[in-house]
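Just work-v9.json here, JSON, C-alpha atoms:
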[["chain", "number", "residue", "atom", "x", "y", "z"],
["S", 1, "MET", "CA", 15.74, -10.21, -45.56],
["S", 2, "GLU", "CA", 13.16, -10.96, -42.86],
["S", 3, "ILE", "CA", 13.97, -9.69, -39.37],
["S", 4, "ARG", "CA", 12.97, -12.10, -36.63],
["S", 5, "ASN", "CA", 11.64, -11.28, -33.21],
["S", 6, "ASN", "CA", 14.44, -12.18, -30.78],
["S", 7, "VAL", "CA", 12.84, -10.58, -27.70],
["S", 8, "THR", "CA", 11.12, -12.94, -25.26],
["S", 9, "GLU", "CA", 10.70, -10.45, -22.41],
["S", 10, "PHE", "CA", 10.88, -6.73, -21.69],
["S", 11, "VAL", "CA", 12.47, -4.86, -18.79],
["S", 12, "LEU", "CA", 10.30, -2.06, -17.37],
["S", 13, "LEU", "CA", 12.26, 0.80, -15.83],
["S", 14, "GLY", "CA", 9.16, 2.00, -13.93],
["S", 15, "LEU", "CA", 8.65, 5.46, -12.49],
["S", 16, "THR", "CA", 12.04, 5.63, -10.76],
["S", 17, "GLN", "CA", 15.16, 3.58, -10.13],
["S", 18, "ASN", "CA", 15.70, 4.98, -6.63],
["S", 19, "PRO", "CA", 15.00, 2.18, -4.08],
["S", 20, "GLU", "CA", 13.90, 4.58, -1.33],
["S", 21, "VAL", "CA", 11.48, 6.41, -3.63],
["S", 22, "GLN", "CA", 10.20, 3.05, -4.88],
["S", 23, "LYS", "CA", 9.27, 2.00, -1.33],
["S", 24, "THR", "CA", 7.40, 5.26, -0.79],
["S", 25, "LEU", "CA", 5.59, 4.96, -4.10],
["S", 26, "PHE", "CA", 4.72, 1.35, -3.31],
["S", 27, "SER", "CA", 2.82, 2.48, -0.20],
["S", 28, "VAL", "CA", 1.15, 5.38, -2.01],
["S", 29, "PHE", "CA", -0.07, 3.34, -4.99],
["S", 30, "LEU", "CA", -1.17, 0.46, -2.78],
["S", 31, "ILE", "CA", -3.41, 2.85, -0.83],
["S", 32, "ILE", "CA", -4.69, 4.39, -4.09],
["S", 33, "TYR", "CA", -5.50, 0.93, -5.45],
["S", 34, "ILE", "CA", -7.38, -0.08, -2.31],
["S", 35, "LEU", "CA", -9.40, 3.17, -2.38],
["S", 36, "THR", "CA", -10.10, 2.65, -6.09],
["S", 37, "MET", "CA", -11.40, -0.87, -5.61],
["S", 38, "VAL", "CA", -13.44, -0.04, -2.51],
["S", 39, "GLY", "CA", -14.96, 3.09, -4.07],
["S", 40, "ASN", "CA", -15.90, 1.53, -7.40],
["S", 41, "ILE", "CA", -17.16, -1.74, -5.94],
["S", 42, "LEU", "CA", -19.21, 0.26, -3.42],
["S", 43, "ILE", "CA", -20.88, 2.15, -6.26],
["S", 44, "VAL", "CA", -21.65, -1.07, -8.17],
["S", 45, "ILE", "CA", -23.13, -2.77, -5.08],
["S", 46, "THR", "CA", -25.15, 0.32, -4.15],
["S", 47, "ILE", "CA", -26.67, 0.66, -7.63],
["S", 48, "ILE", "CA", -27.48, -3.06, -7.85],
["S", 49, "GLY", "CA", -28.97, -3.14, -4.35],
["S", 50, "SER", "CA", -31.00, 0.08, -4.50],
["S", 51, "LYS", "CA", -34.42, 0.21, -6.20],
["S", 52, "ASN", "CA", -34.28, 4.02, -6.28],
["S", 53, "LEU", "CA", -31.30, 3.92, -8.66],
["S", 54, "ASN", "CA", -32.98, 1.74, -11.26],
["S", 55, "CYS", "CA", -32.57, 4.12, -14.21],
["S", 56, "PRO", "CA", -30.24, 4.38, -17.26],
["S", 57, "MET", "CA", -27.92, 6.98, -15.71],
["S", 58, "TYR", "CA", -27.00, 4.68, -12.82],
["S", 59, "PHE", "CA", -26.94, 1.65, -15.11],
["S", 60, "PHE", "CA", -24.14, 3.31, -17.09],
["S", 61, "LEU", "CA", -22.45, 4.55, -13.91],
["S", 62, "ALA", "CA", -22.33, 1.00, -12.52],
["S", 63, "PHE", "CA", -20.54, -0.23, -15.63],
["S", 64, "LEU", "CA", -18.19, 2.78, -15.58],
["S", 65, "SER", "CA", -17.20, 1.85, -12.02],
["S", 66, "PHE", "CA", -16.77, -1.79, -13.06],
["S", 67, "MET", "CA", -14.52, -0.72, -15.96],
["S", 68, "ASP", "CA", -12.48, 1.57, -13.71],
["S", 69, "ALA", "CA", -11.91, -1.23, -11.20],
["S", 70, "ILE", "CA", -10.66, -3.62, -13.90],
["S", 71, "TYR", "CA", -8.73, -0.88, -15.72],
["S", 72, "SER", "CA", -6.82, -0.08, -12.53],
["S", 73, "THR", "CA", -6.22, -3.79, -11.82],
["S", 74, "ILE", "CA", -4.53, -4.24, -15.20],
["S", 75, "THR", "CA", -1.79, -1.80, -14.17],
["S", 76, "VAL", "CA", -1.45, -1.21, -10.44],
["S", 77, "PRO", "CA", -0.87, -4.69, -8.89],
["S", 78, "LYS", "CA", 2.07, -5.49, -11.16],
["S", 79, "MET", "CA", 3.51, -1.99, -10.85],
["S", 80, "THR", "CA", 3.40, -2.10, -7.04],
["S", 81, "LEU", "CA", 4.97, -5.57, -6.94],
["S", 82, "ASP", "CA", 7.72, -4.36, -9.28],
["S", 83, "MET", "CA", 8.42, -1.48, -6.89],
["S", 84, "LEU", "CA", 8.47, -3.87, -3.94],
["S", 85, "TYR", "CA", 11.01, -6.22, -5.52],
["S", 86, "GLY", "CA", 13.00, -3.47, -7.23],
["S", 87, "LYS", "CA", 13.10, -5.22, -10.60],
["S", 88, "ALA", "CA", 10.46, -5.40, -13.31],
["S", 89, "THR", "CA", 10.33, -7.82, -16.22],
["S", 90, "ILE", "CA", 7.39, -8.92, -18.31],
["S", 91, "SER", "CA", 7.25, -11.63, -20.95],
["S", 92, "PHE", "CA", 6.45, -10.71, -24.54],
["S", 93, "GLN", "CA", 3.10, -12.54, -24.36],
["S", 94, "ALA", "CA", 2.13, -10.92, -21.04],
["S", 95, "CYS", "CA", 3.12, -7.53, -22.44],
["S", 96, "MET", "CA", 0.77, -8.03, -25.41],
["S", 97, "VAL", "CA", -2.04, -9.13, -23.10],
["S", 98, "GLN", "CA", -1.55, -6.05, -20.92],
["S", 99, "LEU", "CA", -1.50, -3.79, -23.99],
["S", 100, "PHE", "CA", -4.71, -5.36, -25.30],
["S", 101, "LEU", "CA", -6.57, -5.11, -21.98],
["S", 102, "GLU", "CA", -5.47, -1.51, -21.39],
["S", 103, "HIS", "CA", -6.89, -0.36, -24.70],
["S", 104, "LEU", "CA", -9.94, -2.63, -24.46],
["S", 105, "PHE", "CA", -11.16, -1.13, -21.19],
["S", 106, "GLY", "CA", -9.86, 2.35, -22.00],
["S", 107, "GLY", "CA", -11.58, 2.31, -25.40],
["S", 108, "ALA", "CA", -14.80, 0.89, -23.96],
["S", 109, "GLU", "CA", -14.81, 3.65, -21.34],
["S", 110, "VAL", "CA", -14.45, 6.30, -24.05],
["S", 111, "PHE", "CA", -17.59, 5.06, -25.81],
["S", 112, "LEU", "CA", -19.42, 4.55, -22.50],
["S", 113, "LEU", "CA", -18.84, 8.21, -21.62],
["S", 114, "VAL", "CA", -20.52, 9.08, -24.94],
["S", 115, "SER", "CA", -23.51, 6.95, -23.94],
["S", 116, "MET", "CA", -23.68, 8.70, -20.57],
["S", 117, "ALA", "CA", -23.59, 12.10, -22.27],
["S", 118, "TYR", "CA", -26.39, 11.01, -24.64],
["S", 119, "ASP", "CA", -28.45, 9.85, -21.66],
["S", 120, "ARG", "CA", -28.09, 13.25, -19.95],
["S", 121, "TYR", "CA", -28.88, 15.06, -23.23],
["S", 122, "VAL", "CA", -32.16, 13.16, -23.62],
["S", 123, "ALA", "CA", -33.05, 13.55, -19.91],
["S", 124, "ILE", "CA", -32.54, 17.33, -19.90],
["S", 125, "CYS", "CA", -33.28, 18.42, -23.48],
["S", 126, "LYS", "CA", -36.09, 15.94, -24.27],
["S", 127, "PRO", "CA", -37.55, 15.01, -20.86],
["S", 128, "LEU", "CA", -41.02, 14.14, -22.21],
["S", 129, "TYR", "CA", -39.52, 11.52, -24.54],
["S", 130, "TYR", "CA", -36.92, 10.18, -22.09],
["S", 131, "LEU", "CA", -38.70, 6.92, -21.21],
["S", 132, "VAL", "CA", -39.45, 6.30, -24.88],
["S", 133, "ILE", "CA", -35.93, 6.99, -26.16],
["S", 134, "MET", "CA", -33.86, 5.53, -23.30],
["S", 135, "ARG", "CA", -35.56, 2.15, -23.12],
["S", 136, "TRP", "CA", -33.61, -0.66, -21.46],
["S", 137, "ARG", "CA", -33.10, -2.28, -24.86],
["S", 138, "VAL", "CA", -31.40, 0.93, -26.05],
["S", 139, "CYS", "CA", -29.25, 1.07, -22.91],
["S", 140, "PHE", "CA", -28.03, -2.50, -23.41],
["S", 141, "LEU", "CA", -27.37, -1.75, -27.08],
["S", 142, "LEU", "CA", -25.27, 1.30, -26.19],
["S", 143, "LEU", "CA", -23.32, -0.80, -23.69],
["S", 144, "VAL", "CA", -22.67, -3.52, -26.29],
["S", 145, "VAL", "CA", -21.55, -0.88, -28.79],
["S", 146, "SER", "CA", -19.13, 0.49, -26.17],
["S", 147, "TRP", "CA", -17.56, -2.95, -25.67],
["S", 148, "ILE", "CA", -17.38, -3.59, -29.43],
["S", 149, "GLY", "CA", -15.80, -0.17, -30.00],
["S", 150, "GLY", "CA", -13.22, -0.83, -27.28],
["S", 151, "PHE", "CA", -12.51, -4.32, -28.62],
["S", 152, "LEU", "CA", -11.97, -3.15, -32.21],
["S", 153, "HIS", "CA", -9.77, -0.26, -31.08],
["S", 154, "SER", "CA", -7.69, -2.57, -28.89],
["S", 155, "LEU", "CA", -7.44, -5.27, -31.55],
["S", 156, "VAL", "CA", -6.07, -2.80, -34.09],
["S", 157, "GLN", "CA", -3.48, -1.53, -31.59],
["S", 158, "LEU", "CA", -2.42, -5.08, -30.77],
["S", 159, "LEU", "CA", -2.09, -6.12, -34.41],
["S", 160, "PHE", "CA", 0.15, -3.11, -35.06],
["S", 161, "VAL", "CA", 2.61, -4.22, -32.36],
["S", 162, "VAL", "CA", 2.46, -8.02, -32.76],
["S", 163, "SER", "CA", 3.37, -7.76, -36.44],
["S", 164, "LEU", "CA", 6.58, -5.83, -35.65],
["S", 165, "PRO", "CA", 10.02, -7.43, -35.16],
["S", 166, "PHE", "CA", 11.88, -6.80, -31.89],
["S", 167, "CYS", "CA", 15.56, -7.67, -32.03],
["S", 168, "GLY", "CA", 16.86, -5.66, -29.07],
["S", 169, "PRO", "CA", 17.17, -3.66, -26.91],
["S", 170, "ASN", "CA", 14.27, -4.77, -24.73],
["S", 171, "ILE", "CA", 14.24, -2.00, -22.10],
["S", 172, "ILE", "CA", 11.02, 0.02, -21.84],
["S", 173, "ASP", "CA", 11.30, 3.37, -20.06],
["S", 174, "HIS", "CA", 7.81, 3.04, -18.60],
["S", 175, "PHE", "CA", 5.89, 1.13, -15.94],
["S", 176, "ILE", "CA", 3.46, -0.51, -18.39],
["S", 177, "CYS", "CA", 3.52, -1.90, -21.90],
["S", 178, "ASP", "CA", 2.15, 0.95, -23.99],
["S", 179, "ILE", "CA", 2.18, 1.30, -27.73],
["S", 180, "TYR", "CA", 4.59, 4.22, -28.26],
["S", 181, "PRO", "CA", 7.40, 2.86, -26.05],
["S", 182, "LEU", "CA", 7.02, -0.49, -27.85],
["S", 183, "LEU", "CA", 7.11, 1.10, -31.30],
["S", 184, "GLU", "CA", 10.38, 2.84, -30.39],
["S", 185, "LEU", "CA", 11.98, -0.56, -29.62],
["S", 186, "SER", "CA", 11.04, -2.13, -32.93],
["S", 187, "CYS", "CA", 13.70, -2.88, -35.54],
["S", 188, "ALA", "CA", 11.33, -1.90, -38.36],
["S", 189, "ASN", "CA", 10.28, 1.51, -39.65],
["S", 190, "THR", "CA", 7.21, 2.46, -37.60],
["S", 191, "TYR", "CA", 6.36, 5.79, -39.26],
["S", 192, "LYS", "CA", 3.25, 4.53, -41.08],
["S", 193, "ILE", "CA", 2.11, 2.56, -38.06],
["S", 194, "GLY", "CA", 2.55, 5.68, -35.93],
["S", 195, "ILE", "CA", 0.25, 7.60, -38.27],
["S", 196, "SER", "CA", -2.28, 4.76, -38.01],
["S", 197, "VAL", "CA", -2.08, 4.86, -34.20],
["S", 198, "VAL", "CA", -2.77, 8.60, -34.26],
["S", 199, "ALA", "CA", -5.78, 7.99, -36.52],
["S", 200, "ASN", "CA", -7.02, 5.06, -34.42],
["S", 201, "GLY", "CA", -6.46, 6.44, -30.94],
["S", 202, "GLY", "CA", -5.65, 10.14, -31.00],
["S", 203, "ALA", "CA", -8.12, 11.26, -33.64],
["S", 204, "ILE", "CA", -10.96, 9.23, -32.10],
["S", 205, "CYS", "CA", -10.27, 10.66, -28.63],
["S", 206, "THR", "CA", -10.09, 14.21, -29.98],
["S", 207, "ILE", "CA", -13.28, 13.95, -32.05],
["S", 208, "ILE", "CA", -15.26, 12.32, -29.25],
["S", 209, "PHE", "CA", -13.92, 14.86, -26.72],
["S", 210, "VAL", "CA", -15.08, 17.76, -28.90],
["S", 211, "ILE", "CA", -18.47, 16.11, -29.44],
["S", 212, "LEU", "CA", -18.87, 15.59, -25.69],
["S", 213, "LEU", "CA", -17.98, 19.21, -24.93],
["S", 214, "ILE", "CA", -20.49, 20.42, -27.53],
["S", 215, "SER", "CA", -23.20, 18.12, -26.19],
["S", 216, "TYR", "CA", -22.66, 19.29, -22.61],
["S", 217, "GLY", "CA", -22.62, 22.88, -23.88],
["S", 218, "VAL", "CA", -26.07, 22.31, -25.42],
["S", 219, "ILE", "CA", -27.25, 20.70, -22.19],
["S", 220, "LEU", "CA", -26.03, 23.64, -20.07],
["S", 221, "CYS", "CA", -27.77, 26.11, -22.40],
["S", 222, "THR", "CA", -30.99, 24.12, -22.09],
["S", 223, "LEU", "CA", -30.81, 24.32, -18.29],
["S", 224, "LYS", "CA", -31.77, 28.02, -18.50],
["S", 225, "THR", "CA", -35.35, 26.95, -19.16],
["S", 226, "GLN", "CA", -35.49, 24.58, -16.18],
["S", 227, "SER", "CA", -36.83, 25.34, -12.73],
["S", 228, "SER", "CA", -34.37, 26.41, -10.04],
["S", 229, "GLU", "CA", -34.43, 23.01, -8.29],
["S", 230, "GLY", "CA", -34.26, 21.01, -11.53],
["S", 231, "ARG", "CA", -31.47, 23.23, -12.85],
["S", 232, "LYS", "CA", -29.42, 22.73, -9.68],
["S", 233, "LYS", "CA", -29.80, 18.94, -9.78],
["S", 234, "ALA", "CA", -29.04, 18.65, -13.51],
["S", 235, "LEU", "CA", -26.11, 21.06, -13.24],
["S", 236, "SER", "CA", -24.56, 19.01, -10.43],
["S", 237, "THR", "CA", -24.81, 15.83, -12.52],
["S", 238, "CYS", "CA", -23.43, 17.48, -15.66],
["S", 239, "ILE", "CA", -20.48, 19.02, -13.83],
["S", 240, "SER", "CA", -19.57, 15.55, -12.51],
["S", 241, "HIS", "CA", -19.71, 14.10, -16.02],
["S", 242, "ILE", "CA", -17.71, 16.96, -17.53],
["S", 243, "THR", "CA", -15.03, 16.61, -14.83],
["S", 244, "VAL", "CA", -14.62, 12.89, -15.56],
["S", 245, "VAL", "CA", -14.51, 13.55, -19.31],
["S", 246, "VAL", "CA", -11.78, 16.21, -18.96],
["S", 247, "PHE", "CA", -9.69, 14.11, -16.56],
["S", 248, "PHE", "CA", -9.80, 11.11, -18.89],
["S", 249, "PHE", "CA", -9.57, 12.67, -22.36],
["S", 250, "VAL", "CA", -7.05, 15.49, -21.99],
["S", 251, "PRO", "CA", -4.10, 13.23, -20.98],
["S", 252, "CYS", "CA", -5.11, 10.64, -23.62],
["S", 253, "ILE", "CA", -5.20, 13.27, -26.36],
["S", 254, "PHE", "CA", -1.74, 14.52, -25.37],
["S", 255, "MET", "CA", -0.41, 10.95, -25.36],
["S", 256, "TYR", "CA", -1.73, 9.79, -28.73],
["S", 257, "VAL", "CA", -2.18, 12.87, -30.95],
["S", 258, "ARG", "CA", 1.45, 13.06, -31.99],
["S", 259, "PRO", "CA", 4.08, 11.12, -33.97],
["S", 260, "VAL", "CA", 5.84, 8.12, -32.45],
["S", 261, "CYS", "CA", 7.91, 9.64, -29.66],
["S", 262, "THR", "CA", 8.05, 9.60, -25.89],
["S", 263, "PHE", "CA", 8.51, 12.41, -23.35],
["S", 264, "PRO", "CA", 9.48, 12.31, -19.65],
["S", 265, "ILE", "CA", 6.00, 13.60, -18.72],
["S", 266, "ASP", "CA", 4.34, 10.59, -20.39],
["S", 267, "LYS", "CA", 4.72, 8.41, -17.31],
["S", 268, "SER", "CA", 3.12, 11.01, -15.05],
["S", 269, "LEU", "CA", 0.19, 11.46, -17.43],
["S", 270, "THR", "CA", -0.24, 7.69, -17.68],
["S", 271, "VAL", "CA", -0.35, 7.50, -13.88],
["S", 272, "PHE", "CA", -3.07, 10.14, -13.91],
["S", 273, "TYR", "CA", -5.51, 8.56, -16.37],
["S", 274, "THR", "CA", -4.84, 4.88, -15.53],
["S", 275, "ILE", "CA", -4.48, 5.11, -11.73],
["S", 276, "ILE", "CA", -5.62, 8.47, -10.31],
["S", 277, "THR", "CA", -8.74, 8.98, -12.45],
["S", 278, "PRO", "CA", -10.29, 5.56, -11.62],
["S", 279, "MET", "CA", -9.87, 6.47, -7.93],
["S", 280, "LEU", "CA", -11.37, 9.96, -8.37],
["S", 281, "ASN", "CA", -14.42, 8.87, -10.39],
["S", 282, "PRO", "CA", -16.31, 7.37, -7.40],
["S", 283, "LEU", "CA", -15.62, 10.53, -5.37],
["S", 284, "ILE", "CA", -16.72, 12.81, -8.21],
["S", 285, "TYR", "CA", -19.98, 10.96, -8.78],
["S", 286, "THR", "CA", -20.92, 10.37, -5.13],
["S", 287, "LEU", "CA", -19.94, 13.67, -3.50],
["S", 288, "ARG", "CA", -22.05, 15.69, -5.99],
["S", 289, "ASN", "CA", -24.94, 13.23, -6.16],
["S", 290, "THR", "CA", -27.49, 13.38, -3.36],
["S", 291, "GLU", "CA", -29.42, 10.35, -4.64],
["S", 292, "MET", "CA", -26.29, 8.21, -4.60],
["S", 293, "LYS", "CA", -25.31, 9.32, -1.09],
["S", 294, "ASN", "CA", -28.82, 8.67, 0.25],
["S", 295, "ALA", "CA", -28.94, 5.26, -1.46],
["S", 296, "MET", "CA", -25.59, 4.31, 0.10],
["S", 297, "LYS", "CA", -26.80, 5.32, 3.57],
["S", 298, "LYS", "CA", -30.07, 3.36, 3.21],
["S", 299, "LEU", "CA", -28.38, 0.30, 1.75],
["S", 300, "TRP", "CA", -25.64, 0.06, 4.37],
["S", 301, "ASN", "CA", -28.05, 0.87, 7.22],
["S", 302, "ARG", "CA", -30.22, -1.98, 5.97],
["S", 303, "LYS", "CA", -27.18, -4.27, 5.83],
["S", 304, "LEU", "CA", -26.18, -3.22, 9.34],
["S", 305, "MET", "CA", -29.67, -3.89, 10.69],
["S", 306, "SER", "CA", -29.72, -7.32, 9.03],
["S", 307, "SER", "CA", -26.35, -8.13, 10.58],
["S", 308, "CYS", "CA", -27.60, -7.02, 14.01],
["S", 309, "LYS", "CA", -30.68, -9.24, 13.67],
["S", 310, "VAL", "CA", -28.51, -12.22, 12.74],
["S", 311, "MET", "CA", -26.27, -11.57, 15.74],
["S", 312, "ASP", "CA", -29.33, -11.36, 18.02],
["S", 313, "VAL", "CA", -30.65, -14.68, 16.70],
["S", 314, "LEU", "CA", -27.27, -16.33, 17.20],
["S", 315, "ALA", "CA", -27.03, -14.89, 20.70],
["S", 316, "LYS", "CA", -30.37, -16.42, 21.64]]
Mind turning the file's structure into structure tokens?
Amino acid sequence: MEIRNNVTEFVLLGLTQNPEVQKTLFSVFLIIYILTMVGNILIVITIIGSKNLNCPMYFFLAFLSFMDAIYSTITVPKMTLDMLYGKATISFQACMVQLFLEHLFGGAEVFLLVSMAYDRYVAICKPLYYLVIMRWRVCFLLLVVSWIGGFLHSLVQLLFVVSLPFCGPNIIDHFICDIYPLLELSCANTYKIGISVVANGGAICTIIFVILLISYGVILCTLKTQSSEGRKKALSTCISHITVVVFFFVPCIFMYVRPVCTFPIDKSLTVFYTIITPMLNPLIYTLRNTEMKNAMKKLWNRKLMSSCKVMDVLAK
């Protein structure tokens, strides 16, 4: 007998049901979202507007900031509005769209971080061949591969969920539509799908995380042969990359390398890698990067001078 999907919308319980705590969290996450958007957009504008940052490393960083801005937008605006109104519902179709976009940008970011690690490996371990290997055509190809990888990963996740019947209940103990909470609501047996999710998401994250750690280990070993100034500059960049990799991958591995089940800590971890990490990335990359800080100062000083000239002309 075929089980039909009787669910047209889901109820999201969010982070808490306490109205007072919800109001506090609304203010906190609204500030975090504003900082995230300002920080990431500032990086994108600085890289586009600065001739000194016209190299593959900053090309990838600009797209990482773009992805972080969109990734945060998928989650935070709805979550903050839900906290403001004290009730959260989402239609089945909107839930599927949110699920797809989450994994699209999250998956693309995973592969983009691999591209960034490869760029640093070539720059530090094979500096004489850097301009030959990291041609702009190669950079665009790596970016396209990142988007394709994220799309395929997200499409598989979506197909797993869309094919399942939901006949009630429709209450999700989360603040977003994620795959494990949805699998727990399905009327069908999701054991095999859970194994597939682990293979698609968890295994990929784990393998790529190990590869990234090994690659950065090789890079750090190679730094011993560099000059003191070159070693300091390369080490600062690598530490920034490693920090971002750890912040993003460790929570994801915990979330998806396990059978279909949910834990109370899941919501906190999801907050960290979907909301906190996109806000921290601009700080991590700018505070440890002298070139980026100098480019920001020059760019915004130039903008300020242009504005002053315009005001002077208007005044005359």
*Distance of CA of Met134 in chain S from CA of Pro56 in chain S, expressed in Å to one decimal place*: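 Distance reported for this atom pair: 7.1 Å.
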_Every residue with an atom at most 9 Å from (3.9, 10.4, -31.0) (file coordinates; all atoms listed in the file) is what I'm after, so could you write them as JSON, numbers by chain?_
{"S": [180, 194, 195, 197, 198, 254, 255, 256, 257, 258, 259, 260, 261, 262]}
*asked:* Using only C-alpha atoms for the distances, tell me which of S:Leu113, S:Leu15, S:Val38, S:Val44 is nearest to Met292 in chain S.
replied: S:Val44
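Note that the spacing between CA of Gly201 in chain S and CA of Ser268 in chain S amounts to 19.1 Å.
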Write out, as a tab-separated table, each residue of range 51-124 of chain S that has an atom at most 9 Å from range 275-290 of chain S, together with the closest pair of atoms and their distance in Å to one decimal, counting all atoms listed in the file, rows going by chain and rising number.
residue	atom	partner	partner_atom	distance
S:Leu61	CA	S:Tyr285	CA	8.6
S:Leu64	CA	S:Asn281	CA	8.8
S:Ser65	CA	S:Pro282	CA	7.3
S:Met67	CA	S:Pro278	CA	8.7
S:Asp68	CA	S:Pro278	CA	5.0
S:Ala69	CA	S:Pro278	CA	7.0
S:Tyr71	CA	S:Pro278	CA	7.8
S:Ser72	CA	S:Ile275	CA	5.7
S:Thr75	CA	S:Ile275	CA	7.8
S:Val76	CA	S:Ile275	CA	7.1
Selected residues, C-alpha atoms, written as a PDB file, in the frame of the given file, please.
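Below is the file selection.pdb, written as the result:
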ATOM      1  CA  LEU S  61     -22.450   4.550 -13.910  1.00  0.00           C
ATOM      2  CA  LEU S  64     -18.190   2.780 -15.580  1.00  0.00           C
ATOM      3  CA  SER S  65     -17.200   1.850 -12.020  1.00  0.00           C
ATOM      4  CA  MET S  67     -14.520  -0.720 -15.960  1.00  0.00           C
ATOM      5  CA  ASP S  68     -12.480   1.570 -13.710  1.00  0.00           C
ATOM      6  CA  ALA S  69     -11.910  -1.230 -11.200  1.00  0.00           C
ATOM      7  CA  TYR S  71      -8.730  -0.880 -15.720  1.00  0.00           C
ATOM      8  CA  SER S  72      -6.820  -0.080 -12.530  1.00  0.00           C
ATOM      9  CA  THR S  75      -1.790  -1.800 -14.170  1.00  0.00           C
ATOM     10  CA  VAL S  76      -1.450  -1.210 -10.440  1.00  0.00           C
TER      11      VAL S  76
END
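Of the listed residues S:Thr80, S:Asn294, S:Asn54, S:Ser227, the one whose atoms come nearest to Tyr33 in chain S is S:Thr80, with distances taken using only C-alpha atoms.
The shell of residues at most 6 Å from Phe10 in chain S, with only C-alpha atoms counted and near chain neighbours (fewer than 5 positions) removed, consists of Thr89, Ile90, Asn170 and Ile171 of chain S.
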_Just the number, please: distance in Å from CA of Leu13 in chain S to CA of Pro77 in chain S, one decimal._
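Pair CA of Leu13 in chain S / CA of Pro77 in chain S returns 15.8 Å.
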*Might you pull out every residue within 8 Å of Gln22 in chain S, with all atoms listed in the file counted and same-chain residues fewer than 3 positions away left off, and present them as a list in words?*
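Once the adjacent positions are removed, what remains is Thr16, Gln17, Asn18, Pro19, Leu25, Phe26, Met83, Leu84 and Gly86 of chain S.
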Write the residues of the selection above to a file with C-alpha atoms, as a short mmCIF file (atom, residue, chain, number, x, y, z; two decimals), keeping the file's coordinate frame.
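What landed in result_27.cif:
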data_model
loop_
_atom_site.label_atom_id
_atom_site.label_comp_id
_atom_site.auth_asym_id
_atom_site.auth_seq_id
_atom_site.Cartn_x
_atom_site.Cartn_y
_atom_site.Cartn_z
CA THR S 16 12.04 5.63 -10.76
CA GLN S 17 15.16 3.58 -10.13
CA ASN S 18 15.70 4.98 -6.63
CA PRO S 19 15.00 2.18 -4.08
CA LEU S 25 5.59 4.96 -4.10
CA PHE S 26 4.72 1.35 -3.31
CA MET S 83 8.42 -1.48 -6.89
CA LEU S 84 8.47 -3.87 -3.94
CA GLY S 86 13.00 -3.47 -7.23
#
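In terms of minimum interatomic distance to Asp266 in chain S, S:Gly14 ranks closest within S:Gly14, S:Gly217, S:Gly168, S:Gly150, counting all atoms listed in the file.
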*Counting all atoms listed in the file, which of S:Val162, S:Ile176, S:Ile47, S:Leu212 gets nearest to Lys298 in chain S?*
S:Ile47
Identify, on the basis of all atoms listed in the file, every residue whose closest approach to Cys187 in chain S does not exceed 8 Å; exclude the query and any residue fewer than 4 positions from it along the same chain; express the result as a compact mmCIF listing (two decimals) with C-alpha atoms, in the frame of the given file.
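Ended up saving to around_11.txt:
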# COMPACT_ATOMS: atom_id res chain seq x y z
CA ILE S 3 13.97 -9.69 -39.37
CA LEU S 164 6.58 -5.83 -35.65
CA PRO S 165 10.02 -7.43 -35.16
CA PHE S 166 11.88 -6.80 -31.89
CA CYS S 167 15.56 -7.67 -32.03
CA GLY S 168 16.86 -5.66 -29.07
How big is the axis-aligned box around the listed atoms of range 81-97 of chain S once 8 Å is added on each side, and where is its centre? Give both in Å to one decimal, as AutoDock Vina command-line options.
--center_x 5.5 --center_y -7.0 --center_z -14.7 --size_x 31.1 --size_y 27.1 --size_z 37.5
As a tab-separated table (two decimals) with C-alpha atoms, keeping the file's coordinate frame, please: the residues near range 138-148 of chain S (cut-off 8 Å, all atoms listed in the file, same-chain neighbours under 6 positions excluded).
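Written file, out-v4.tsv:
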chain	number	residue	atom	x	y	z
S	56	PRO	CA	-30.24	4.38	-17.26
S	60	PHE	CA	-24.14	3.31	-17.09
S	104	LEU	CA	-9.94	-2.63	-24.46
S	107	GLY	CA	-11.58	2.31	-25.40
S	108	ALA	CA	-14.80	0.89	-23.96
S	109	GLU	CA	-14.81	3.65	-21.34
S	110	VAL	CA	-14.45	6.30	-24.05
S	111	PHE	CA	-17.59	5.06	-25.81
S	112	LEU	CA	-19.42	4.55	-22.50
S	115	SER	CA	-23.51	6.95	-23.94
